[in-house]
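Notes to accompany the following structure.
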Amino acid sequence: MLTEKGFDDRYYFYCKKSKTYSEAYKKTEKEFFKYFNINKYSSYDSFRVSHNNRIKKEKKLSFI
């Protein structure tokens, strides 16, 4: 969970069990805080922007 990929993987896990993406993020962030006593992102919006940028970057790289 320390890496972006690890956090994303856990987020996807919670997406399957949650009604909303925001709820999945909150569960992931809560678990992260439990282990590391700090939040990974300052807010859901911060996570969403960062997550979407990573997805766009991965898609760009797959076209090369």
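The chains in the structure tokens are called A, B, ... from first to last as shown; in each chain the residues are counted from 1, and the ligands are counted from 1 in the order shown.
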
Would you kindly return, as number ranges by chain, each protein, DNA or RNA residue with an atom no farther than 10 Å from any atom of Tyr14 (chain A), considering only C-alpha atoms and excluding same-chain residues fewer than 5 positions away? A: 8-9, 19-21, 23-28

With N, CA, C and O atoms retained, export the selected residues as a compact mmCIF listing (two decimals), in the first residue's frame.
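Saved result, result14.txt, follows:
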# COMPACT_ATOMS: atom_id res chain seq x y z
N ASP A 8 -3.69 1.80 -5.23
CA ASP A 8 -4.71 1.61 -6.28
C ASP A 8 -5.29 0.20 -6.23
O ASP A 8 -6.50 0.03 -6.37
N ASP A 9 -4.45 -0.79 -6.03
CA ASP A 9 -4.94 -2.17 -5.96
C ASP A 9 -5.92 -2.34 -4.81
O ASP A 9 -6.95 -3.00 -4.95
N LYS A 19 -20.52 1.10 -2.55
CA LYS A 19 -21.54 1.65 -3.43
C LYS A 19 -21.00 2.76 -4.32
O LYS A 19 -21.49 2.97 -5.43
N THR A 20 -20.00 3.49 -3.83
CA THR A 20 -19.44 4.60 -4.60
C THR A 20 -17.92 4.54 -4.59
O THR A 20 -17.31 3.91 -3.72
N TYR A 21 -17.32 5.21 -5.56
CA TYR A 21 -15.86 5.30 -5.60
C TYR A 21 -15.34 6.09 -4.41
O TYR A 21 -14.28 5.77 -3.86
N GLU A 23 -16.62 6.20 -1.43
CA GLU A 23 -16.66 5.30 -0.28
C GLU A 23 -15.47 4.33 -0.31
O GLU A 23 -14.85 4.07 0.72
N ALA A 24 -15.16 3.82 -1.50
CA ALA A 24 -14.01 2.92 -1.65
C ALA A 24 -12.72 3.64 -1.28
O ALA A 24 -11.85 3.08 -0.60
N TYR A 25 -12.59 4.89 -1.72
CA TYR A 25 -11.41 5.68 -1.37
C TYR A 25 -11.31 5.85 0.14
O TYR A 25 -10.23 5.68 0.72
N LYS A 26 -12.41 6.20 0.78
CA LYS A 26 -12.40 6.42 2.23
C LYS A 26 -11.98 5.17 2.99
O LYS A 26 -11.21 5.25 3.95
N LYS A 27 -12.46 4.02 2.55
CA LYS A 27 -12.07 2.76 3.20
C LYS A 27 -10.58 2.49 3.00
O LYS A 27 -9.89 2.03 3.92
N THR A 28 -10.09 2.77 1.80
CA THR A 28 -8.67 2.55 1.51
C THR A 28 -7.81 3.48 2.34
O THR A 28 -6.81 3.07 2.94

DSSP on the backbone, alpha helix (DSSP H) only: what residues of chain A does that give? Format it as a ChimeraX atom specification. /A:4-15,21-36,44-63

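For the choices A:Met1, A:Phe7, A:Glu31, A:Lys16, the atom-to-atom distance to His51 (chain A) is smallest for A:Phe7 when using only C-alpha atoms.
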
Among the residues A:Phe47, A:Arg54, A:Lys59, A:Tyr35, the one that comes closest to Leu2 (chain A) [using only C-alpha atoms]: A:Tyr35

Computed interatomic separation between CA of Phe36 (chain A) and CA of Lys56 (chain A) (Å): 28.2 Å

With distances taken over only C-alpha atoms, which residue among A:Ser22, A:Lys17, A:Leu61, A:Lys30 lies nearest Ser46 (chain A)? A:Ser22
